[in-house]
Structure formats: structure tokens, C-alpha cells
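Heads up, the thing below is written out as C-alpha cells.
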Amino acid sequence: MKRGFIFFCLIWTVLTVSPLCFYRIQGFPSAELAPQVPIQTDSLSEQNMQANGFLPTALSVYITSEDKIISMDTEEYIWGVVAAEMPASFHEEALKAQAVAARTYLANRLQTKNEKHPDAHICTDSTHCQGWCSRTDARAKWVHDADLYENKLNAALLETKEKILLYEEKPILAAYHALSSGKTNDAVDVWGKKVPYLVSVPVEEDRLREKYYFEVRYPHDALCALFSEHGYPITSISDIGTPVYNDAGYILRIGIGENSVSGSDLRNLLALRSAAVTIVRQEDAVLFQTRGYGHGVGMSQYGADSLGKNGKSFFEILSYFYPGTTLMPE
Ligand SMILES: [Zn+2]
């Protein structure tokens with residue numbers, strides 16, 4: 001238990017402190033969700049609870065951009081998370097799956113210690129909790145489609161009202177990301193901890209998405225300097241080793257000089273969209289050709305959209321990306 005606590009502290013610290021852990025590229029969903037420090041909260045038992053038995057019916061939400069805490073209905077908060085985290089143009093069933101994932105993430109999050117905003121259940125910083133936007137801001141973002149998209153999200157929330165995903169009777173860590181490499185990533189290869197419902201599954205249609213491939217170019221000198229500045233001193237790109245990949249195509253480890261660096265750390269250090277990356281050495285530069293976007297764990301949001309368009313229900317989508325989980329209430 002103590003080792004697990006230390007592990008979560010370490011992961012939390014790394015993912016919270018590093019400014020390169022989370023970055024947005026316009027047009028992509030934003031979510032990158034990390035494990036937190038587990039605790040038990042007694043205070044929840046004194047509040048009015050949703051039908052799932054894990055969430056209060058109202059939340060105190062820290063609005064990060066305005067540095068203030070406001071109280072809101074929990075379902076209204078989830079509406080704002082879906083509006084912020086997934087394009088409203090996505091399929092209706094994908095939006096429902098996103099609503100359940102966001103609600104489940106909240107339920108899981110409320111059982112974790114939160115030192116950044118101890119007086120609020122959750123915050124609107126996507127790099128700490130989940131992204132969120134108000135109806136007013138969402139409608140402004142959607143411009144001429146505001147009525148259409150607001151109604152789509154209203155329906156997604158109503159049809160998944162108070163539903164969350166459970167594994168062994170507890171809310172799951174409902175990690176999600178924008179676009180997989182063509183296969184989702186196993187949690188053990190990203191966070192070092194095996195999670196039975198966060199295992200690799202194929203998402204072939206992710207390979208067909210417009211923004212699947214991306215390339216970042218680093219001149220030799222700049223790359224050596226960047227690695228050296230971050231504690232991996234090298235003088236030549238010949239000091240960069242051959243990567244070891246997992247079955248889903250994400251880098252597990254790569255030698256940088258005398259150090260072994262994880263795929264996640266490499267991605268963060270070089271601000272790559274994904275750790276599913278092919279390294280191409282050129283005469284004066286190195287190309288990092290990535291596939292997909294995000295850590296790759298859990299639900300692929302673009303994959304959810306594809307499954308919805310292929311006739312899958314939101315529960316079938318969730319069951320695909322989080323195998324072995326159950327919906328509560330059914
Ligand atoms: Zn937060």
C-alpha cells in the first residue's frame with residue numbers, strides 16, 4: 001500500500017509539474033487524465049447523492065480562469081465538461097460515452113486527495129482535473145450551430161443521466177485521449193501500474209483520421225541541447241539509441257546517452273503529440289513522426305466517434321474501451 005501511495009505521488013507530481021505533459025492543438029479534444037492520490041472522503045455521505053451512489057447532486061467547482069468557486073448542479077457540470085472535451089459535431093453516441101466517462105472520472109476523482117483546491121470538489125483546469133466551459137462560452141464557440149449542438153449535448157446528458165462505470169463496485173479511472181496509434185495503449189506502459197480495464201484494444205479507423213500523422217523536426221544541435229538541458233547529456237545524435245516499442249506501437253524506452261528514457265518522458269520532453277513515434281535521422285536534423293494524439297490510454301475520442309457512426313451504442317463504445325466494466329445505474 002505504501003509503495004502504491006508513493007507511486008501515485010510520483011506520477012501526480014510529474015504530470016502536474018511538467019508544463020509539457022499537456023498541450024492542446026486546435027481541433028483536437030483535450031483530455032489527458034492522470035491518476036491521483038487515493039483517499040477516502042467521509043463528507044460525501046452527508047450530501048444528497050445521485051442514483052449511482054457515488055456523486056453528490058451538487059458540486060463546488062473552482063473556476064480556474066476566474067479564481068473563484070461556484071456551486072452548480074453535477075449534471076450541469078458534466079454538460080460543460082463534454083462541451084469542453086469533445087467536439088459537439090461528434091456522433092450522439094460518442095457524446096453520451098464522453099458524458100459517462102467524464103462523470104465517472106469525477107466520481108473517481110472525488111475519492112482522491114486534492115491539495116490544489118481543497119475547498120472545491122473539482123477544478124476547470126484540464127491539466128489538473130477536467131476541462132469545462134459554461135453554456136454561454138460553449139454557445140459562443142459554436143456560433144451558428146449553437147442551438148443544434150446545445151440540444152445534442154442536452155440529449156446526451158439526459159440519456160446518460162447519473163450513469164457511471166464501475167469495476168469491482170468502484171468508479172473506474174476513466175482515462176481518455178484524442179486519437180490512438182491504431183491501438184490504445186496499456187496503462188502499465190504509461191503509468192507503470194496494471195489496470196485491468198485499461199488494456200490495449202485495436203482502433204483501426206483512427207489511422208484514417210486527417211490528423212493521425214504529425215511530424216516534428218529538430219536540428220541536431222537543438223536536439224542535443226534540449227536533451228542535455230533536461231538531464232540527458234549527449235553530444236551527438238549517435239548517442240540516441242534504438243527505441244523499444246510495445247505491441248501498440250508506442251515507445252516503451254529509448255537510450256539517450258547513458259540514460260534510459262520512457263516513451264512518455266520522451267513525448268513530454270519533445271512536445272510530441274504521441275509516444276507512438278518513428279525516429280528518422282537526417283543529415284542535419286531528426287524527424288519525429290507521430291501517430292495519434294494523447295497518451296493512448298482508455299477511450300479514443302475519435303475512435304468513439306467512429307464506433308458511433310458504425311452503429312454502436314454508447315454502452316457498447318464504453319465496453320469496448322473499458323472492458324469488464326459495468327454501468328450504474330443500468
Ligand atoms: Zn483540479
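Starting from 1 in every chain, residues are counted up; chains themselves are A, B, ... following the order of the C-alpha cells, and ligands are numbered from 1 as listed.
Every residue having at least one atom no farther than 7 Å from ligand 1 is included below, with only C-alpha atoms and all ligand atoms taken into account: Lys116, His117, Ile122, Cys123, Thr124, Asp125, His128 and Cys129 of chain A.
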Could you produce a table of the residues of range 133-235 of chain A lying within 7 Å of range 90-108 of chain A, with the nearest pair of atoms per residue and their separation in Å rounded to one decimal, using only C-alpha atoms, ordered by chain and increasing residue number, as CSV?
residue,atom,partner,partner_atom,distance
A:Lys152,CA,A:Glu92,CA,6.8
A:Ala156,CA,A:Lys96,CA,4.7
A:Leu157,CA,A:Ala99,CA,6.5
A:Thr160,CA,A:Lys96,CA,6.4
A:Lys163,CA,A:Val100,CA,6.1
A:Ile164,CA,A:Thr104,CA,4.8
A:Leu165,CA,A:Thr104,CA,5.9
A:Pro171,CA,A:Asn108,CA,5.3
A:Ile172,CA,A:Asn108,CA,6.2
A:Leu173,CA,A:Tyr105,CA,5.9
A:Ala174,CA,A:Tyr105,CA,5.2
Legend entry - Pick from A:Ser71, A:Asp186, A:His230, A:Thr235 nearest to Asn268 in chain A, counting only C-alpha atoms: A:His230
Inset, instruction - Would you kindly return, as a list in words, each protein, DNA or RNA residue with an atom no farther than 8 Å from any atom of Tyr213 in chain A, considering only C-alpha atoms and excluding same-chain residues fewer than 3 positions away? - result: Glu210, Gln289, Thr290, Arg291 and Gly292 of chain A
Inset, instruction - Considering only C-alpha atoms, return as a PyMOL selection string whatever protein or nucleic-acid residues lie within 12 Å of Met49 in chain A, sequence-local ones (same chain, fewer than 6 positions apart) excluded. - result: chain A and resi 43+55-59+73-75+107+162
Would you put the residues from that selection into a file with N, CA and C atoms, as a compact mmCIF listing (two decimals), in the first residue's frame?
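Generated output (result30.txt):
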# COMPACT_ATOMS: atom_id res chain seq x y z
N SER A 43 -17.12 13.15 3.91
CA SER A 43 -18.09 14.23 3.78
C SER A 43 -19.15 13.93 2.73
N LEU A 55 -21.82 10.11 -6.45
CA LEU A 55 -21.67 11.54 -6.71
C LEU A 55 -22.72 12.36 -5.99
N PRO A 56 -22.35 13.51 -5.43
CA PRO A 56 -23.36 14.42 -4.88
C PRO A 56 -24.15 15.05 -6.02
N THR A 57 -25.35 15.52 -5.72
CA THR A 57 -26.18 16.14 -6.77
C THR A 57 -25.72 17.55 -7.10
N ALA A 58 -24.91 18.16 -6.22
CA ALA A 58 -24.36 19.49 -6.49
C ALA A 58 -22.88 19.50 -6.15
N LEU A 59 -22.14 20.33 -6.87
CA LEU A 59 -20.68 20.38 -6.72
C LEU A 59 -20.21 21.80 -6.45
N ASP A 73 -25.13 22.34 -10.24
CA ASP A 73 -25.69 21.00 -10.36
C ASP A 73 -24.66 20.09 -11.03
N THR A 74 -24.52 18.89 -10.52
CA THR A 74 -23.49 17.98 -11.03
C THR A 74 -23.69 17.68 -12.52
N GLU A 75 -24.92 17.46 -12.93
CA GLU A 75 -25.17 17.16 -14.35
C GLU A 75 -24.86 18.37 -15.23
N ALA A 107 -16.30 10.95 -10.37
CA ALA A 107 -16.56 10.08 -9.22
C ALA A 107 -15.26 9.47 -8.68
N GLU A 162 -26.80 10.51 -14.63
CA GLU A 162 -26.26 9.95 -13.38
C GLU A 162 -25.59 8.59 -13.56
Inset, instruction - Using only C-alpha atoms, pick whichever of A:Ile70, A:Leu153, A:Leu272, A:Cys133 has the shortest atom-to-atom distance to Ser89 in chain A. - result: A:Leu153
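All residues within range 24-205 of chain A that the backbone DSSP calculation assigns to strand (DSSP E) are Ala58, Leu59, Ser60, Val61, Tyr62, Ile63, Lys68, Ile69, Ile70, Ser71, Met72, Asp73, Ile122, Cys123, Ile164, Leu165, Leu166, Tyr167, Lys170, Pro171, Tyr176 and His177 of chain A.
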Let's have the selection written as an mmCIF file, in the first residue's frame, with C-alpha atoms.
data_model
loop_
_atom_site.group_PDB
_atom_site.id
_atom_site.type_symbol
_atom_site.label_atom_id
_atom_site.label_comp_id
_atom_site.auth_asym_id
_atom_site.auth_seq_id
_atom_site.Cartn_x
_atom_site.Cartn_y
_atom_site.Cartn_z
ATOM 1 C CA ALA A 58 -24.361 19.494 -6.487
ATOM 2 C CA LEU A 59 -20.677 20.378 -6.724
ATOM 3 C CA SER A 60 -18.387 23.183 -5.716
ATOM 4 C CA VAL A 61 -16.351 23.925 -8.829
ATOM 5 C CA TYR A 62 -13.194 26.004 -8.817
ATOM 6 C CA ILE A 63 -13.284 28.137 -11.977
ATOM 7 C CA LYS A 68 -13.407 31.646 -7.822
ATOM 8 C CA ILE A 69 -15.507 28.732 -6.560
ATOM 9 C CA ILE A 70 -19.112 28.369 -7.667
ATOM 10 C CA SER A 71 -21.775 25.822 -6.787
ATOM 11 C CA MET A 72 -23.549 24.010 -9.598
ATOM 12 C CA ASP A 73 -25.694 21.004 -10.356
ATOM 13 C CA ILE A 122 -13.156 19.797 -8.874
ATOM 14 C CA CYS A 123 -11.496 22.497 -10.976
ATOM 15 C CA ILE A 164 -21.093 5.932 -14.230
ATOM 16 C CA LEU A 165 -18.827 2.955 -14.929
ATOM 17 C CA LEU A 166 -17.803 0.583 -12.154
ATOM 18 C CA TYR A 167 -15.149 -2.097 -11.818
ATOM 19 C CA LYS A 170 -15.903 1.234 -7.626
ATOM 20 C CA PRO A 171 -15.828 4.116 -10.141
ATOM 21 C CA TYR A 176 -9.419 9.084 -22.341
ATOM 22 C CA HIS A 177 -7.397 10.651 -25.124
#
